[in-house]
Structures are given as structure tokens and as C-alpha cells.
2 protein chains.
Amino acid sequence: MTAILLPFTGGRVTLKQGGGGRAMRALIERLFVRDFATMPFDGVGVDAMDDGAAIRIGDDWLVITTDSHVIHPIVFPGGDIGRLSISGTVNDLAMMGATRVLGLTCSIILEEGFSLDSLEAIQRSMIATCREANAPVVTGDTKVMGRGEIDGLVINTCGIGLTRTLVRDNGLHTGDRIIVTGNIAEHGLAVMAARHGIEFEGDLVSDVAPMNGMIDSILSDAALADAVTAMKDPTRGGVASALHEMASKSNVGIVLQERSLPMTDAVRSVGELLGIDPLHVANEGKALLGVRADAVDQILARLHEHPLGRNATVIGTCGEERRGAIILDTGFGRRLLAEPEGEPLPRIC
Amino acid sequence: MTAILLPFTGGRVTLKQGGGGRAMRALIERLFVRDFATMPFDGVGVDAMDDGAAIRIGDDWLVITTDSHVIHPIVFPGGDIGRLSISGTVNDLAMMGATRVLGLTCSIILEEGFSLDSLEAIQRSMIATCREANAPVVTGDTKVMGRGEIDGLVINTCGIGLTRTLVRDNGLHTGDRIIVTGNIAEHGLAVMAARHGIEFEGDLVSDVAPMNGMIDSILSDAALADAVTAMKDPTRGGVASALHEMASKSNVGIVLQERSLPMTDAVRSVGELLGIDPLHVANEGKALLGVRADAVDQILARLHEHPLGRNATVIGTCGEERRGAIILDTGFGRRLLAEPEGEPLPRIC
């Protein structure tokens with residue numbers, strides 16, 4: 001992808017640089033991609049900035065991905081850091097086609113004095129999510145830092161999976177449709193509400209869930225798998241950030257139908273109350289799929305059969321206009337959707 | 001291995017539980033192994049508590065390992081957190097026989113306000129160590145936490161490698177010799193000295209280095225590889241902790257010759273000054289090898305050819321006496337070497 005070398009702000013790391021948007025990509029490109037990518041590597045490596053890396057092993061691709069989870073608070077409506085850490089990594093594997101997980105690693109950094117009861121509860125949540133995703137934790141690491149040296153705990157998970165069907169985030173073509181697998185912005189808004197003690201009428205819970213079963217129901221059908229041109233999960237930076245990355249890497253423009261975006265009334269009203277565009281808010285149980293137009297109905301039907309995909313819907317179309325950009329069709333007119341600098345709030349995942 | 005379920009101390013995480021010794025093993029067994037190991041998994045999994053996990057792929061083993069690096073200070077005599085994070089993971093792979101690294105992941109958590117110049121220096125150190133180990137970073141993750149929410153930065157690295165020759169830490173037999181590949185206790189004491197601003201005469205620098213090249217010089221020779229019965233790198237908790245784990249898992253007793261332990265005068269005097277037994281101190285560029293007696297000379301000769309192995313020497317013998325324990329032969333008499341509760345100081349790696 002095109003390198004975007006933003007100037008560093010005063011020579012110090014900013015919260016925005018962890019937010020999943022332009023600022024973070026610029027930091028990563030400057031510090032990591034530029035040099036790490038100079039080492040010989042035969043596969044999808046760090047310069048691809050995809051959801052993970054892919055390495056050829058015989059006829060298969062070995063996919064590997066990593067995520068550190070720093071979410072605050074560690075328990076939130078609909079989930080906790082344990083469920084998030086397993087789901088996040090399983091989902092990154094699934095987005096590259098590796099729906100069957102060989103193994104996960106779990107590396108926990110704890111603050112001295114952290115409650116062992118809380119740790120056990122988090123661990124129970126992790127194992128339950130592992131079972132849901134059929135993904136075993138195979139190795140781990142534990143570190144303890146002193147009081148005040150880390151806020152509670154953070155969890156890093158890595159995942160590896162094998163797949164014949166490698167899916168990338170850069171394969172969109174003119175005419176492809178964009179499907180989102182369900183209601184957007186639930187994770188980020190639920191966490192924000194929990195953090196600030198805001199109460200609402202109606203349900204506002206995180207969508208955090210492992211999606212590999214749902215994705216496998218598509219990819220295990222060769223005809224459907226062939227029609228999937230790209231996948232990405234819209235986590236930090238939300239649907240807006242993920243679509244920008246997909247459009248830019250694929251060199252297509254995407255016309256996004258604002259009125260087609262599936263969201264609950266709770267999300268809509270909380271977003272308005274906080275002045276936050278749901279398109280910019282993190283999801284943890286939703287995928288964006290680029291799909292050939294002739295297969296859209298079949299893929300939607302298959303998604304609707306799965307509990308996590310019952311609100312799946314088409315939200316956009318890829319074209320030649322404004323390559324690399326997102327055109328928001330509001331129903332009243334069209335405007336360019338700006339690429340977010342980053343997630344509105346830090347520590348959302 | 002035998003579960004050691006120590007009582008939790010007041011229901012809170014203690015620094016000792018991150019120290020690589022008995023206290024940490026008890027925490028890990030209670031919280032992670034007990035439940036994670038109940039999921040079906042065909043390979044060397046979390047219950048083995050080895051340096052990593054191993055999964056069969058055709059005729060090969062895929063080895064995967066993870067480590068979070070929380071060392072303080074992040075720059076110390078002989079190295080920095082960047083070199084440590086690459087070396088630590090490469091070494092864990094090598095200890096299981098995977099000397100050729102398929103890929104590493106790099107997940108960095110930064111404190112808001114962290115100096116970008118420091119970050120670039122760390123990154124340069126990482127890439128230099130990657131080149132030394134011929135180990136590419138293939139994917140990564142970046143998170144930023146607020147000021148005071150994390151102390152500077154921590155780096156998680158995961159590694160994967162393929163090997164035909166899986167080496168475990170539990171394969172010692174009666175009669176095997178224990179080789180250490182060089183001088184002990186340099187990493188931990190150098191970091192302690194740096195942290196507390198203690199100055200000494202003579203050199204005291206960390207041994208942090210990737211050992212996969214040295215280990216490969218043994219394992220790539222089929223005759224020598226066949227004679228290696230176990231490997232482990234003595235990191236947190238030092239040689240004492242690693243040998244206890246190897247002896248306990250292999251169900252042998254190890255007689256350790258105190259006078260054979262290679263160490264510099266600087267390490268000896270600093271250890272005495274601080275009242276710390278060098279056997280309990282972390283190494284980051286040393287390996288313990290269990291070797292069949294008939295191959296010891298050949299393996300030592302091969303190690304001596306490598307810059308990292310020129311002080312390699314035999315330090316012990318495996319026997320049937322006191323299975324699971326370490327008998328320290330001081331030259332004047334014999335006593336049992338207690339298993340350390342953990343590393344004397346936190347955040348050593």
C-alpha cells in the first residue's frame with residue numbers, strides 16, 4: 001500500500017497512534033514496515049499490513065496473527081478481556097481464510113495485586129470462547145509488573161491456522177458488493193458507555209464473538225469461497241477505517257449506502273448523544289466481505305443461517321470512481337467519507 | 001509434570017508469581033494448564049509447560065512460542081528490550097529444535113508520550129537481531145495506553161518454526177551429561193546493576209543473543225542431534241530453576257558440580273556483594289543440553305567452534321539418586337539445591 005509518512009508530533013507517541021486509523025498506520029509504516037520488510041520473506045509479510053501473515057507450507061497457507069488486548073474496563077456489557085482476546089485473534093485468522101485454528105498462544109501481563117478471583121473469571125471466559133471457536137490454547141507466558149507499572153492486566157494472543165483458501169483484504173474488483181455481517185458499532189459504544197458509567201434505555205452490548213464458524217460456512221463451500229474477493233473485520237477505526245484500507249489496497253472506489261448500514265436504535269441514539277459516528281466505532285464480531293455480484297444472494301442466505309450473521313446485508317458497491325476512497329451515499333446526496341485518524345477513544349480493544 | 005498447587009497469598013497476584021520459579025508454575029498450573037489442557041489437542045500443548053508448543057504437520061513439527069518482554073530498564077549493558085524480545089523467542093524455538101525460524105510476530109504496547117527516538121532505536125536493535133538470527137518479523141500489532149497506564153513499553157513476540165527433530169525438556173536419562181553453553185548469570189546481574197546504578201570494576205554485560213545458529217550446528221548433524229536428549233534455556237529463575245524443571249519432568253536426579261559452573265569474576269563478586277546466588281539468575285544467551293555420555297566430547301567440540309559456545313562445559317550428570325531433585329556437589333560435600341521460588345528481582349526479561 002502507499003506509505004503515508006505523517007510527521008511525528010513532537011517526537012512522542014500519542015494516543016491517536018494506537019487508534020487503528022491513519023495516524024497508527026503512519027507510525028507502523030515508518031517504524032516497522034520500512035525496515036522489517038527488507039528481510040527476505042516468501043509470503044504475505046509485514047508490508048502487506050493485512051490482518052496477519054501467511055507462509056506457504058506445501059499446498060496450504062500457514063496464517064499467523066497477533067494482538068495485544070489492553071481494553072478498559074476489562075469487563076463490559078456483553079463480554080470481557082478474556083472473550084475479546086480469543087475472539088480477536090480467531091477473527092483475524094478467519095479474515096484470511098484460516099477458519100480452522102491449529103493453536104493459540106496466551107501471554108498475560110499482570111499488575112502486582114491483581115485479584116486472583118478476577119483472573120480466574122477471565123480465564124473461564126477465555127476457555128468458554130476457545131470451545132466456541134474450537135481453538136485450543138497451546139502455550140503461554142506470564143509476567144508480573146509492579147503496582148502502578150501496568151493498569152490491571154493485558155493479554156496478548158497469537159494464533160496460527162492452515163488454509164487452502166487464502167483470503168486477503170486487497171482483492172476487491174469493480175462490481176463487487178460489500179457485505180457487513182451484522183449490526184455495527186456495538187462493541188465500541190458498549191465499552192465507552194461502561195467506561196463512563198453512562199446508562200441508556202434499551203440494550204447496548206458488545207458484539208464480541210469468534211466468527212470462524214460463520215466464515216467457515218462460506219469458505220467450506222468451494223463455489224461460495226471462490227466468490228469472496230476480500231475480507232476484513234472492522235475493529236479499531238470501525239467500518240470507515242477498514243473500508244478505506246480495503247479500497248486503497250484494492251485500488252477501487254466504494255460507494256457506501258448510508259441507509260443500508262445495519263444498526264440498532266440504541267447505537268444510533270448513543271452515537272448521536274456522544275457525537276460519535278458509528279462508522280468510526282470498533283466492532284468485535286462483524287466482518288466485511290467483498291463478494292462477486294452473482295454470488296451475493298447465496299452468500300447472504302448462508303450468512304443468515306448463522307446466529308452471528310442473521311442481520312448480514314449489502315452496504316456498498318465497488319467501482320472505478322474515486323479509487324481508494326469511500327463515497328457515502330446518504331440518500332439525499334453523495335460525499336466523500338474521510339478516513340478516520342483513529343478510534344475516538346483509546347483502549348477499546 | 002506434577003501439579004504443585006500452592007495456596008494463593010491473600011487472593012492477589014504477587015511479583016514472585018512472575019519470577020519463573022515455583023510460585024509462577026503454581027499460578028500457571030492452577031489458572032491455565034488445568035482448564036486449557038482439557039481441550040482436545042494432538043501435540044505438545046500447554047500441559048507440557050515446555051518452552052513452546054509443537055503441532056504435527058506432515059513429517060515435521062510446527063513449533064510455536066510466545067513471550068512478553070517487560071524488562072526494566074529497557075536499555076542495559078549488552079542489550080536492550082528490542083534485542084531481548086527477538087532473542088528470547090528465537091531461543092525458545094531453538095530449545096525445541098526449531099532452529100530455522102519461519103516467522104516472528106511483534107506486538108508493541110506503548111505509553112503515551114514515549115519517545116519516538118527511543119522507539120526507533122529499539123526497532124533498529126530488533127531488526128539487527130532478526131538478521132543475526134535469520135528470523136523475519138512477518139506481522140505485528142501496536143497499542144497505545146495512557147500516561148501512567150503502562151511503564152514505557154512492553155513487547156510481545158511470538159515465533160513459529162518447523163523441525164524434523166523435536167527436542168523436549170523432559171528427555172533426560174540416567175548417565176546423560178548436562179552441558180551449559182557458557183558463562184552463567186550475566187544477563188540478570190547486568191540488568192540489576194543497571195537498574196540500581198551499581199558500578200563495578202570489570203565487565204558485567206548481558207549475554208542476550210539468539211542461539212539458533214549455535215544450536216543448529218549441533219542439530220543439523222544427525223549423529224549429534226540423536227545424542228541430544230533435552231534442551232532448555234535458563235532464563236527467569238536461572239540454571240537452578242531450569243534444571244529442576246528438566247529433572248522433575250524427566251524423572252532423574254542431577255548431580256551438579258559447583259566448581260564446574262562457568263562464570264566470570266565479575267559475576268562471582270557481584271553475586272556475593274548482592275547476596276544473590278548466580279544459579280538463580282536469568283541468562284538470555286545460554287542453553288542447557290542433556291547429552292548422551294558417548295557424544296559429549298563431539299558436542300562440546302562443536303559448541304566451542306561457535307562464538308556463543310566457546311565456554312561450553314559439562315556441569316552435571318543425570319542419575320537415579322533423588323529423582324526430580326538437584327544435588328549440588330560443592331567439592332567439599334553434597335547438598336540438595338532448593339528450587340527457587342522465582343527470580344530474585346522482577347522485570348528481568
# chains A, B, ... in the order shown; residues from 1 in each chain; ligands from 1
call {"tool": "closest_atom_pairs", "arguments": {"of": "chain A", "to": "chain B", "cutoff": "6 Å", "atoms": "only C-alpha atoms", "output": "tab-separated table"}}
result
residue	atom	partner	partner_atom	distance
A:Gly11	CA	B:Leu116	CA	5.2
A:Arg12	CA	B:Ser115	CA	4.6
A:Val13	CA	B:Gly113	CA	4.8
A:Thr14	CA	B:Glu112	CA	5.1
A:Leu15	CA	B:Val144	CA	5.6
A:Gly18	CA	B:Val144	CA	4.6
A:Gly45	CA	B:Val138	CA	4.6
A:Val46	CA	B:Val138	CA	4.7
A:Gly52	CA	B:Thr139	CA	5.7
A:Ala53	CA	B:Thr139	CA	5.5
A:Asp67	CA	B:Asp141	CA	5.7
A:Glu112	CA	B:Thr14	CA	5.1
A:Gly113	CA	B:Arg12	CA	4.7
A:Phe114	CA	B:Val13	CA	5.1
A:Ser115	CA	B:Arg12	CA	4.6
A:Leu116	CA	B:Gly11	CA	5.2
A:Val138	CA	B:Gly45	CA	4.6
A:Thr139	CA	B:Val46	CA	4.7
A:Asp141	CA	B:Asp67	CA	5.7
A:Lys143	CA	B:Gly18	CA	4.6
A:Val144	CA	B:Gly18	CA	4.6
A:Glu149	CA	B:Asp151	CA	5.0
A:Ile150	CA	B:Ile150	CA	4.3
A:Asp151	CA	B:Glu149	CA	5.0
call {"tool": "select_by_dssp", "arguments": {"residues": "region 69-295 of chain A", "states": "strand (DSSP E)", "output": "number ranges by chain"}}
result
A: 69, 75-76, 79-80, 101-111, 137-145, 153-163, 177-180, 228-232, 253-257, 288-291
call {"tool": "write_last_selection", "arguments": {"atoms": "C-alpha atoms", "output": "PDB file, in the first residue's frame"}}
result
ATOM      1  CA  HIS A  69      -5.541  -6.555  24.293  1.00  0.00           C
ATOM      2  CA  VAL A  75     -15.420  -6.355  31.944  1.00  0.00           C
ATOM      3  CA  PHE A  76     -18.070  -4.631  29.820  1.00  0.00           C
ATOM      4  CA  GLY A  79     -18.019  -9.547  27.244  1.00  0.00           C
ATOM      5  CA  ASP A  80     -14.671  -9.179  28.948  1.00  0.00           C
ATOM      6  CA  VAL A 101      -7.362 -22.863  14.247  1.00  0.00           C
ATOM      7  CA  LEU A 102      -4.276 -25.006  14.884  1.00  0.00           C
ATOM      8  CA  GLY A 103      -3.451 -23.252  18.117  1.00  0.00           C
ATOM      9  CA  LEU A 104      -3.492 -20.040  20.116  1.00  0.00           C
ATOM     10  CA  THR A 105      -0.892 -18.624  22.457  1.00  0.00           C
ATOM     11  CA  CYS A 106      -1.842 -16.661  25.565  1.00  0.00           C
ATOM     12  CA  SER A 107       0.615 -14.265  27.168  1.00  0.00           C
ATOM     13  CA  ILE A 108      -0.632 -12.381  30.209  1.00  0.00           C
ATOM     14  CA  ILE A 109       0.992  -9.410  31.920  1.00  0.00           C
ATOM     15  CA  LEU A 110      -0.430  -8.792  35.392  1.00  0.00           C
ATOM     16  CA  GLU A 111      -0.155  -5.919  37.830  1.00  0.00           C
ATOM     17  CA  VAL A 137      -4.592 -22.510  23.697  1.00  0.00           C
ATOM     18  CA  VAL A 138      -1.350 -24.461  23.294  1.00  0.00           C
ATOM     19  CA  THR A 139       1.283 -22.353  25.028  1.00  0.00           C
ATOM     20  CA  GLY A 140       1.585 -19.193  27.085  1.00  0.00           C
ATOM     21  CA  ASP A 141       3.617 -16.818  29.179  1.00  0.00           C
ATOM     22  CA  THR A 142       3.023 -14.961  32.441  1.00  0.00           C
ATOM     23  CA  LYS A 143       4.711 -11.790  33.610  1.00  0.00           C
ATOM     24  CA  VAL A 144       4.032  -9.631  36.656  1.00  0.00           C
ATOM     25  CA  MET A 145       4.821  -5.903  36.809  1.00  0.00           C
ATOM     26  CA  LEU A 153      -3.682  -6.745  33.073  1.00  0.00           C
ATOM     27  CA  VAL A 154      -3.121  -7.015  29.362  1.00  0.00           C
ATOM     28  CA  ILE A 155      -3.389 -10.165  27.295  1.00  0.00           C
ATOM     29  CA  ASN A 156      -1.543 -10.936  24.097  1.00  0.00           C
ATOM     30  CA  THR A 157      -2.850 -13.728  21.927  1.00  0.00           C
ATOM     31  CA  CYS A 158      -1.286 -15.139  18.797  1.00  0.00           C
ATOM     32  CA  GLY A 159      -2.991 -17.605  16.515  1.00  0.00           C
ATOM     33  CA  ILE A 160      -1.965 -19.979  13.782  1.00  0.00           C
ATOM     34  CA  GLY A 161      -4.160 -21.749  11.269  1.00  0.00           C
ATOM     35  CA  LEU A 162      -3.824 -23.625   7.991  1.00  0.00           C
ATOM     36  CA  THR A 163      -5.929 -22.937   4.918  1.00  0.00           C
ATOM     37  CA  ARG A 177     -20.585  -5.911  -3.430  1.00  0.00           C
ATOM     38  CA  ILE A 178     -19.630  -5.179   0.172  1.00  0.00           C
ATOM     39  CA  ILE A 179     -21.468  -7.214   2.787  1.00  0.00           C
ATOM     40  CA  VAL A 180     -21.371  -6.463   6.501  1.00  0.00           C
ATOM     41  CA  VAL A 228     -15.308 -13.964  -1.856  1.00  0.00           C
ATOM     42  CA  THR A 229     -12.755 -11.446  -3.116  1.00  0.00           C
ATOM     43  CA  ALA A 230     -11.708  -9.814   0.170  1.00  0.00           C
ATOM     44  CA  MET A 231     -12.405  -9.881   3.905  1.00  0.00           C
ATOM     45  CA  LYS A 232     -11.585  -7.680   6.877  1.00  0.00           C
ATOM     46  CA  GLY A 253     -13.710   3.184  -5.016  1.00  0.00           C
ATOM     47  CA  ILE A 254     -16.521   2.040  -2.740  1.00  0.00           C
ATOM     48  CA  VAL A 255     -19.978   3.616  -2.792  1.00  0.00           C
ATOM     49  CA  LEU A 256     -21.435   3.073   0.670  1.00  0.00           C
ATOM     50  CA  GLN A 257     -25.195   3.274   1.132  1.00  0.00           C
ATOM     51  CA  LEU A 288     -16.776  -7.008   5.864  1.00  0.00           C
ATOM     52  CA  LEU A 289     -16.836  -9.256   2.807  1.00  0.00           C
ATOM     53  CA  GLY A 290     -16.165  -8.312  -0.771  1.00  0.00           C
ATOM     54  CA  VAL A 291     -18.332 -10.601  -2.877  1.00  0.00           C
TER      55      VAL A 291
END
call {"tool": "select_by_dssp", "arguments": {"residues": "region 247-349 of chain A", "states": "alpha helix (DSSP H)", "output": "list in words"}}
result
Ala247, Ser248, Lys249, Ser250, Asp265, Ala266, Val267, Arg268, Ser269, Val270, Gly271, Glu272, Leu273, Leu274, Val296, Asp297, Gln298, Ile299, Leu300, Ala301, Arg302, Leu303 and His304 of chain A
call {"tool": "residues_around", "arguments": {"residues": "region 307-313 of chain A", "least_positions_apart": "2", "cutoff": "10 Å", "atoms": "only C-alpha atoms", "output": "number ranges by chain"}}
result
A: 178-183, 207, 209-211, 213-215, 260-263, 285-288, 296-297, 299-305, 315-316
